[in-house]
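Asks: File model-v3.txt follows (compact mmCIF, C-alpha atoms):
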# COMPACT_ATOMS: atom_id res chain seq x y z
CA MET P 1 -10.49 -15.21 -12.55
CA VAL P 2 -13.47 -13.57 -10.96
CA ASP P 3 -14.16 -10.71 -8.64
CA PRO P 4 -13.87 -10.27 -5.67
CA CYS P 5 -10.87 -12.54 -5.96
CA ILE P 6 -9.27 -10.27 -8.55
CA SER P 7 -9.63 -7.13 -6.40
CA LYS P 8 -8.15 -8.92 -3.41
CA MET P 9 -5.14 -9.98 -5.44
CA ARG P 10 -4.70 -6.49 -6.85
CA ALA P 11 -4.85 -5.04 -3.33
CA GLN P 12 -2.19 -7.50 -2.19
CA VAL P 13 0.35 -5.95 -4.58
CA GLU P 14 0.13 -2.73 -2.66
CA GLU P 15 0.29 -4.57 0.68
CA GLU P 16 3.53 -6.26 -0.29
CA LEU P 17 5.02 -2.97 -1.48
CA LYS P 18 3.97 -1.24 1.75
CA ALA P 19 5.78 -3.98 3.65
CA ALA P 20 8.80 -3.45 1.41
CA MET P 21 8.83 0.24 2.23
CA GLN P 22 8.52 -0.45 5.95
CA TYR P 23 11.53 -2.75 5.77
CA MET P 24 13.40 -0.09 3.79
CA ALA P 25 12.75 2.33 6.65
CA MET P 26 14.12 -0.22 9.10
CA GLY P 27 17.20 -0.68 6.97
CA ALA P 28 17.69 3.07 6.77
CA HIS P 29 17.31 3.43 10.54
CA PHE P 30 19.93 0.83 11.37
CA SER P 31 22.33 2.28 8.79
CA LYS P 32 22.52 5.59 10.60
CA ASP P 33 25.82 6.39 12.23
CA THR P 34 24.04 7.08 15.52
CA ILE P 35 22.59 3.57 15.50
CA ASN P 36 25.28 1.70 13.62
CA ARG P 37 23.96 -1.82 13.27
CA PRO P 38 24.99 -2.90 9.77
CA GLY P 39 23.92 -6.51 10.35
CA PHE P 40 20.37 -5.48 11.13
CA ALA P 41 20.41 -3.01 8.25
CA GLU P 42 21.48 -5.68 5.77
CA PHE P 43 18.78 -8.06 7.02
CA PHE P 44 16.07 -5.45 6.60
CA PHE P 45 17.22 -4.27 3.18
CA LYS P 46 17.18 -7.87 2.04
CA ALA P 47 13.69 -8.30 3.49
CA ALA P 48 12.58 -5.16 1.62
CA SER P 49 13.83 -6.56 -1.68
CA GLU P 50 12.07 -9.87 -0.98
CA GLU P 51 8.75 -8.14 -0.32
CA ARG P 52 9.13 -6.29 -3.60
CA GLU P 53 9.78 -9.64 -5.30
CA HIS P 54 6.54 -10.94 -3.77
CA ALA P 55 4.66 -8.00 -5.24
CA ILE P 56 6.20 -8.76 -8.63
CA LYS P 57 5.23 -12.44 -8.27
CA ILE P 58 1.62 -11.46 -7.63
CA ILE P 59 1.65 -9.14 -10.63
CA SER P 60 3.14 -11.92 -12.77
CA TYR P 61 0.44 -14.33 -11.66
CA LEU P 62 -2.30 -11.86 -12.49
CA LEU P 63 -0.74 -11.25 -15.90
CA MET P 64 -0.52 -14.97 -16.53
CA ARG P 65 -4.21 -15.30 -15.78
CA GLY P 66 -5.04 -12.56 -18.26
CA GLU P 67 -5.69 -9.80 -15.77
CA LEU P 68 -4.28 -6.28 -15.59
CA THR P 69 -5.37 -5.32 -19.09
CA SER P 70 -6.84 -2.14 -17.68
CA LYS P 71 -6.61 0.11 -14.65
CA VAL P 72 -2.92 -0.62 -14.33
CA SER P 73 -2.40 2.93 -13.13
CA ASP P 74 -4.74 2.21 -10.21
CA LEU P 75 -2.78 -0.80 -9.09
CA ILE P 76 -0.52 1.10 -6.77
CA LYS P 77 -1.57 4.22 -4.98
CA ARG P 78 1.52 6.25 -4.59
CA ASN P 79 1.63 6.85 -0.90
CA LEU P 80 3.46 3.86 0.45
CA ASN P 81 5.32 5.85 3.08
CA PRO P 82 6.27 3.70 6.05
CA GLN P 83 4.41 4.28 9.29
CA THR P 84 7.36 3.98 11.64
CA THR P 85 10.85 5.17 10.83
CA SER P 86 12.73 4.72 14.07
CA TRP P 87 13.04 2.04 16.72
CA ALA P 88 14.41 2.02 20.23
CA ASN P 89 16.51 -1.10 19.70
CA GLY P 90 16.92 -4.18 17.58
CA VAL P 91 14.37 -6.20 19.51
CA SER P 92 11.57 -3.70 18.96
CA ALA P 93 12.35 -3.58 15.25
CA PHE P 94 12.25 -7.36 14.97
CA LYS P 95 8.99 -7.47 16.89
CA ASP P 96 7.55 -4.92 14.46
CA ALA P 97 8.81 -7.05 11.61
CA LEU P 98 7.08 -10.10 13.06
CA ARG P 99 3.83 -8.15 13.39
CA LEU P 100 4.22 -6.99 9.80
CA GLU P 101 4.75 -10.52 8.51
CA ALA P 102 1.79 -11.79 10.53
CA SER P 103 -0.47 -9.12 9.06
CA VAL P 104 0.65 -9.97 5.52
CA THR P 105 0.03 -13.67 6.23
CA LYS P 106 -3.48 -12.87 7.42
CA LYS P 107 -4.16 -10.91 4.26
CA ILE P 108 -3.00 -13.81 2.12
CA ARG P 109 -5.28 -16.14 4.06
CA ASP P 110 -8.15 -13.70 3.43
CA ILE P 111 -7.45 -13.83 -0.30
CA ILE P 112 -7.53 -17.62 -0.19
CA ILE P 113 -10.89 -17.60 1.59
CA VAL P 114 -12.38 -15.17 -0.92
CA CYS P 115 -10.98 -17.00 -3.93
CA GLU P 116 -12.28 -20.35 -2.73
CA ASN P 117 -15.70 -19.17 -1.73
CA ASN P 118 -17.36 -16.37 -3.61
CA PRO P 119 -20.83 -15.45 -4.87
CA THR P 120 -20.06 -16.65 -8.38
CA HIS P 121 -19.19 -20.11 -6.99
CA PHE P 122 -15.91 -20.20 -8.87
CA ASN P 123 -13.36 -21.93 -6.67
CA ASP P 124 -10.02 -20.77 -8.04
CA TYR P 125 -8.10 -23.95 -7.28
CA HIS P 126 -4.89 -23.01 -9.00
CA LEU P 127 -4.59 -19.60 -7.40
CA VAL P 128 -5.43 -20.96 -3.97
CA ASP P 129 -2.85 -23.69 -4.42
CA TYR P 130 -0.23 -21.19 -5.57
CA LEU P 131 -0.87 -18.90 -2.64
CA THR P 132 -0.93 -21.76 -0.16
CA VAL P 133 2.24 -23.43 -1.26
CA ASP P 134 4.42 -20.55 -2.40
CA PHE P 135 3.25 -17.55 -0.46
CA LEU P 136 2.08 -19.01 2.81
CA GLY P 137 5.06 -21.33 2.89
CA GLU P 138 7.46 -18.44 2.62
CA GLN P 139 5.51 -16.38 5.13
CA TYR P 140 5.63 -19.10 7.76
CA HIS P 141 9.33 -19.73 7.22
CA GLY P 142 10.00 -16.01 7.50
CA GLN P 143 7.94 -15.70 10.66
CA ARG P 144 9.76 -18.62 12.24
CA ASP P 145 13.10 -17.04 11.39
CA ILE P 146 12.20 -13.67 12.86
CA ALA P 147 10.60 -15.21 15.97
CA GLY P 148 13.79 -17.16 16.63
CA LYS P 149 15.84 -14.01 16.30
CA VAL P 150 13.57 -12.14 18.70
CA SER P 151 13.99 -14.85 21.33
CA THR P 152 17.75 -15.04 21.08
CA LEU P 153 18.20 -11.28 20.97
CA GLU P 154 15.96 -10.75 23.97
CA LYS P 155 17.91 -13.28 26.01
CA MET P 156 21.20 -11.71 25.00
CA MET P 157 20.07 -8.20 25.84
CA ASP P 158 18.53 -9.26 29.12
CA ARG P 159 21.88 -10.12 30.69
CA HIS P 160 24.31 -8.26 28.48
CA GLY P 161 22.47 -5.20 27.22
CA VAL P 162 24.18 -3.35 24.42
CA LEU P 163 26.97 -5.92 24.17
CA GLY P 164 24.34 -8.53 23.38
CA GLU P 165 22.91 -6.45 20.55
CA PHE P 166 26.38 -5.60 19.28
CA LEU P 167 27.44 -9.25 19.07
CA PHE P 168 24.11 -10.27 17.56
CA ASP P 169 24.50 -7.61 14.89
CA LYS P 170 27.98 -8.80 13.96
CA LYS P 171 26.84 -12.40 13.76
CA MET P 172 24.03 -11.35 11.45
CA LEU P 173 26.45 -9.38 9.32
CA ASP P 174 28.66 -12.44 8.95
CA GLY P 175 25.70 -14.54 7.95
CA GLU P 176 26.01 -16.78 10.98
CA LEU P 177 22.40 -16.24 12.05
CA MET U 1 11.92 18.92 -22.11
CA SER U 2 9.46 18.26 -19.40
CA VAL U 3 10.52 16.07 -16.61
CA ASP U 4 8.79 13.82 -14.17
CA ARG U 5 9.93 12.85 -10.81
CA PRO U 6 13.14 10.87 -10.78
CA HIS U 7 13.38 7.55 -9.17
CA GLN U 8 16.17 7.97 -6.76
CA LEU U 9 16.60 9.38 -3.38
CA HIS U 10 18.25 12.66 -3.54
CA VAL U 11 20.09 14.21 -0.78
CA GLN U 12 19.99 17.92 -1.05
CA VAL U 13 22.34 18.38 1.79
CA TRP U 14 23.38 16.27 4.66
CA ARG U 15 22.76 16.71 8.30
CA HIS U 16 26.27 16.49 9.54
CA ARG U 17 26.40 16.06 13.24
CA HIS U 18 29.72 17.61 13.88
CA ARG U 19 29.37 20.41 11.44
CA ARG U 20 28.22 23.80 12.30
CA GLY U 21 26.04 25.89 10.15
CA VAL U 22 22.56 25.44 8.93
CA PRO U 23 21.71 21.80 8.85
CA PRO U 24 20.59 21.18 5.35
CA ALA U 25 17.33 19.48 4.75
CA VAL U 26 17.58 15.96 3.57
CA ARG U 27 15.66 15.80 0.43
CA GLN U 28 13.67 12.78 -0.40
CA PRO U 29 12.42 12.20 -3.86
CA PRO U 30 9.41 10.04 -4.03
CA LEU U 31 10.09 6.39 -4.50
CA HIS U 32 7.05 6.16 -6.69
CA PRO U 33 8.98 6.60 -9.92
CA LEU U 34 10.37 3.22 -9.02
CA LEU U 35 6.77 2.06 -8.91
CA GLU U 36 6.02 3.93 -12.13
CA TYR U 37 8.52 1.76 -13.97
CA LEU U 38 6.97 -1.33 -12.39
CA LEU U 39 3.52 -0.26 -13.59
CA MET U 40 4.79 0.49 -17.07
CA SER U 41 6.42 -2.93 -17.19
CA THR U 42 3.18 -4.54 -16.02
CA HIS U 43 1.21 -2.75 -18.74
CA TYR U 44 3.41 -4.19 -21.49
CA ALA U 45 3.30 -7.66 -19.97
CA ASN U 46 -0.45 -8.13 -20.23
CA TYR U 47 -1.78 -10.36 -22.98
CA GLU U 48 -3.24 -7.48 -24.97
CA LYS U 49 -0.04 -5.49 -25.30
CA ASN U 50 2.27 -8.48 -25.18
CA ARG U 51 5.58 -6.69 -25.61
CA PRO U 52 8.18 -8.72 -23.72
CA GLY U 53 10.97 -6.39 -24.83
CA PHE U 54 9.32 -3.31 -23.37
CA GLU U 55 8.36 -5.28 -20.30
CA LYS U 56 12.01 -6.24 -19.82
CA LEU U 57 13.20 -2.67 -20.40
CA PHE U 58 10.95 -1.17 -17.75
CA ARG U 59 11.38 -4.02 -15.30
CA GLY U 60 15.14 -3.51 -15.62
CA LEU U 61 14.75 0.20 -14.94
CA SER U 62 12.59 -0.57 -11.90
CA ASP U 63 15.09 -3.12 -10.56
CA ASP U 64 18.02 -0.77 -11.05
CA THR U 65 16.11 2.03 -9.37
CA TRP U 66 15.44 -0.17 -6.35
CA LYS U 67 19.08 -1.19 -6.01
CA ASP U 68 20.23 2.40 -6.46
CA ALA U 69 17.76 3.55 -3.82
CA ILE U 70 19.24 1.15 -1.28
CA GLU U 71 22.76 2.23 -2.22
CA LEU U 72 21.77 5.83 -1.87
CA ILE U 73 20.28 5.26 1.58
CA LYS U 74 23.57 3.66 2.57
CA TYR U 75 25.47 6.62 1.13
CA ILE U 76 23.29 9.13 2.96
CA THR U 77 23.89 7.31 6.23
CA THR U 78 27.62 7.06 5.47
CA ARG U 79 27.64 10.82 5.40
CA GLY U 80 25.90 11.01 8.74
CA GLY U 81 22.56 11.93 7.27
CA GLU U 82 19.11 10.55 7.70
CA MET U 83 16.75 9.21 5.14
CA ASN U 84 13.50 11.13 5.10
CA PHE U 85 10.58 9.00 4.01
CA GLY U 86 8.18 11.90 4.16
CA THR U 87 6.59 13.80 1.35
CA SER U 88 8.21 14.16 -1.98
CA ALA U 89 10.23 17.29 -2.41
CA LEU U 90 9.45 17.75 -6.06
CA GLY U 91 5.72 17.35 -5.65
CA GLU U 92 3.42 15.05 -7.48
CA GLU U 93 3.05 16.39 -10.95
CA ASP U 94 0.96 13.58 -12.19
CA ALA U 95 -0.98 13.18 -8.99
CA ASP U 96 -4.32 13.90 -10.58
CA ALA U 97 -4.23 11.52 -13.46
CA PRO U 98 -1.24 9.26 -13.49
CA ASN U 99 -1.25 7.19 -16.60
CA PHE U 100 1.06 4.31 -17.24
CA GLU U 101 -0.94 2.69 -20.00
CA LEU U 102 0.81 4.46 -22.82
CA TYR U 103 1.84 3.66 -26.34
CA GLU U 104 5.36 2.40 -26.83
CA LEU U 105 7.02 5.60 -28.01
CA GLN U 106 5.20 7.63 -25.36
CA SER U 107 6.33 5.32 -22.61
CA ILE U 108 9.99 5.48 -23.63
CA ALA U 109 9.67 9.25 -23.84
CA LYS U 110 8.19 9.32 -20.35
CA ALA U 111 11.06 7.21 -19.01
CA LEU U 112 13.53 9.51 -20.74
CA ASP U 113 11.89 12.54 -19.16
CA MET U 114 12.08 10.94 -15.73
CA GLU U 115 15.77 10.17 -16.10
CA LYS U 116 16.55 13.63 -17.40
CA LYS U 117 14.77 15.21 -14.49
CA LEU U 118 16.90 13.14 -12.19
CA ALA U 119 20.05 14.32 -13.93
CA VAL U 120 18.96 17.95 -13.75
CA GLU U 121 18.30 17.54 -10.05
CA ALA U 122 21.71 15.99 -9.51
CA ILE U 123 23.37 18.86 -11.33
CA ARG U 124 21.54 21.31 -9.12
CA ILE U 125 22.69 19.50 -6.00
CA HIS U 126 26.22 19.43 -7.37
CA SER U 127 26.20 23.15 -7.91
CA GLU U 128 25.04 23.69 -4.34
CA ALA U 129 27.69 21.37 -2.99
CA THR U 130 30.43 23.22 -4.80
CA ARG U 131 31.33 26.82 -4.40
CA LYS U 132 28.09 28.29 -5.64
CA ASN U 133 26.59 28.17 -2.17
CA SER U 134 29.13 30.00 -0.04
CA LYS U 135 27.90 28.49 3.20
CA PHE U 136 28.25 24.96 2.03
CA HIS U 137 31.14 23.41 0.18
CA ASP U 138 31.18 19.66 0.06
CA PRO U 139 33.70 18.09 -2.29
CA GLU U 140 32.81 14.57 -1.22
CA ILE U 141 29.24 14.90 -2.37
CA SER U 142 30.36 16.44 -5.63
CA TYR U 143 32.84 13.59 -6.09
CA HIS U 144 30.16 11.02 -5.44
CA LEU U 145 27.81 12.67 -7.89
CA GLU U 146 30.50 13.08 -10.52
CA HIS U 147 31.88 9.58 -10.32
CA GLU U 148 29.09 7.34 -9.11
CA PHE U 149 25.90 8.94 -10.15
CA MET U 150 26.25 11.05 -13.26
CA PRO U 151 27.96 8.47 -15.51
CA LYS U 152 25.09 6.05 -14.90
CA GLN U 153 22.54 8.73 -15.68
CA ARG U 154 24.42 9.77 -18.77
CA ASP U 155 24.38 6.21 -20.10
CA ILE U 156 20.72 5.55 -19.31
CA ILE U 157 19.69 8.85 -20.90
CA ARG U 158 21.76 8.16 -23.99
CA LYS U 159 20.29 4.67 -24.31
CA LEU U 160 16.70 5.86 -23.98
CA ALA U 161 17.28 8.82 -26.31
CA GLY U 162 18.65 6.42 -28.89
CA TYR U 163 15.58 4.25 -28.53
CA THR U 164 13.24 7.20 -29.06
CA THR U 165 15.16 8.17 -32.20
CA ASP U 166 14.98 4.67 -33.61
CA LEU U 167 11.40 4.07 -32.64
CA SER U 168 10.04 7.34 -33.98
CA SER U 169 11.76 6.88 -37.34
CA LEU U 170 10.68 3.24 -37.54
CA LEU U 171 7.09 4.10 -36.75
CA ASP U 172 7.09 6.74 -39.47
CA GLY U 173 7.87 4.18 -42.11
CA PRO U 174 5.47 1.99 -44.07
CA ASP U 175 5.88 -1.10 -41.91
CA SER U 176 5.17 0.44 -38.52
CA SER U 177 3.52 -2.60 -36.95
CA LEU U 178 6.24 -4.93 -38.09
CA SER U 179 8.89 -2.41 -37.05
CA LEU U 180 7.40 -2.20 -33.59
CA PHE U 181 7.38 -5.96 -33.29
CA LEU U 182 11.01 -6.18 -34.41
CA PHE U 183 12.04 -3.35 -32.08
CA ASP U 184 10.38 -5.11 -29.17
CA ASP U 185 12.18 -8.28 -30.18
CA TYR U 186 15.46 -6.35 -30.19
CA LEU U 187 14.73 -5.07 -26.68
CA THR U 188 14.35 -8.62 -25.38
CA LYS U 189 17.99 -9.20 -26.26
CA GLN U 190 19.35 -6.14 -24.46
If you took the structure in this file and wrote it as structure tokens, what would it be?
Replies:
Amino acid sequence: MVDPCISKMRAQVEEELKAAMQYMAMGAHFSKDTINRPGFAEFFFKAASEEREHAIKIISYLLMRGELTSKVSDLIKRNLNPQTTSWANGVSAFKDALRLEASVTKKIRDIIIVCENNPTHFNDYHLVDYLTVDFLGEQYHGQRDIAGKVSTLEKMMDRHGVLGEFLFDKKMLDGEL
Amino acid sequence: MSVDRPHQLHVQVWRHRHRRGVPPAVRQPPLHPLLEYLLMSTHYANYEKNRPGFEKLFRGLSDDTWKDAIELIKYITTRGGEMNFGTSALGEEDADAPNFELYELQSIAKALDMEKKLAVEAIRIHSEATRKNSKFHDPEISYHLEHEFMPKQRDIIRKLAGYTTDLSSLLDGPDSSLSLFLFDDYLTKQ
């Protein structure tokens, strides 16, 4: 592997963990008794764990390619505190989640561009393929899922307000959505 | 023994909506110890160190920390509290020069220190939740700590302490490199 591809991949670990922390904050928010949406909370906690798994996948790939033999301590700067910790309703949280996923997708695409085309003219085919198939695939599926939820939830809340969000939450909790 | 920042969220006291009295601050230990374990695991997984046993040990600690963090958030919110993702309450002791690229015995010792610090913190919270603090008596928190939290800590600490004992005596012997290899091999099976 060559720089700047390596640095981009290293930076992505922190991006995924930042996303994980943001999802954790969403999960924590919807767990509060004053909000009380366990379905949303469960969804976001699960998303947080998945983002952490992505970070671990990137680390594993780098290790497989013989990287991370030094400066491991620099891999993650410690301040991964989430930017937002409360949301007005479920829809705004899902919209934030969609924005978050879109930004992560863009960063992955940036890595692909850098790893294909760099000053040392080393096109990292395997890495690009791995990112394209595994990572981008999962990103797009995730975005589609969240976008669908945003649409349905907005329609439900438009006519039925809190009842819409309540029912949506219970359906999510039961795994029906 | 010195202690680093523990990996779990710690609630010092809960904001209880219907309770009167001084709302206690919700303490939030940094989640970075969770990341510390991940970094330590990564260090042992590179091709130069190549210790799959140590990698597995620290990855396991990181995974458990993550799950416990989520459980603790749920517990905090069960008690009507709020998770505070702000600054770490215990400060960043290693902020200047964090180092996760340690030798094997050092890294287990560091993990042991982190877990012990967590236990000490839990004991302090327990003492505040019981009658020591006259304004605040919370048997539910003390129950949770006594039954859910402390047994796990006790077992992790005992396990890591045992490892440090074994590893330091093995490394003192004549076959230290071989011992280290065999110990790492043993860790892969745990």
Asks: Using only C-alpha atoms, I'd like every residue of chain U that has an atom within 7 Å of chain P; please write them out as a ChimeraX atom specification.
Replies: /U:32,39,43,45-48,73-74,77,80,82-83,85-86,98-101
Asks: Given the choices U:Asp185, U:Tyr163, U:Leu178, U:Pro33, which gets closest to Ala109 of chain U if the distance is worked out from all atoms listed in the file?
Replies: U:Tyr163
Asks: What is the distance, in Å and to one decimal place, between atom CA of Glu55 of chain U and atom CA of Glu104 of chain U?
Replies: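 Interatomic distance, atom CA of Glu55 of chain U to atom CA of Glu104 of chain U: 10.5 Å.
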Asks: Between atom CA of Gln12 of chain P and atom CA of Asp134 of chain P, what is the spacing in Å?
Replies: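 Interatomic distance, atom CA of Asp134 of chain P to atom CA of Gln12 of chain P: 14.6 Å.
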Asks: Which value, in Å to one decimal, gives the distance between atom CA of Asp113 of chain U and atom CA of Glu15 of chain P?
Replies: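 For atom CA of Asp113 of chain U relative to atom CA of Glu15 of chain P, the distance reads 28.7 Å.
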Asks: May I have the residues within 12 Å of His54 of chain P as a list in words, using all atoms listed in the file and disregarding those fewer than 6 positions away in the same chain?
Replies: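 Contacts, in chain order: Met9, Gln12, Val13, Glu14, Glu15, Glu16, Leu17, Lys18, Ala19, Ala20, Ala47, Ala48, Ser60, Tyr61, Val104, Ile108, Leu131, Asp134, Phe135, Leu136, Glu138 and Gln139 of chain P.
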Asks: Choose the residue, out of P:Leu153, P:Ala97, P:Ile6, P:Leu167, that has the smallest atom-to-atom separation from Glu51 of chain P; count all atoms listed in the file.
Replies: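 Answer, going by the shortest atom-to-atom distance: P:Ala97.
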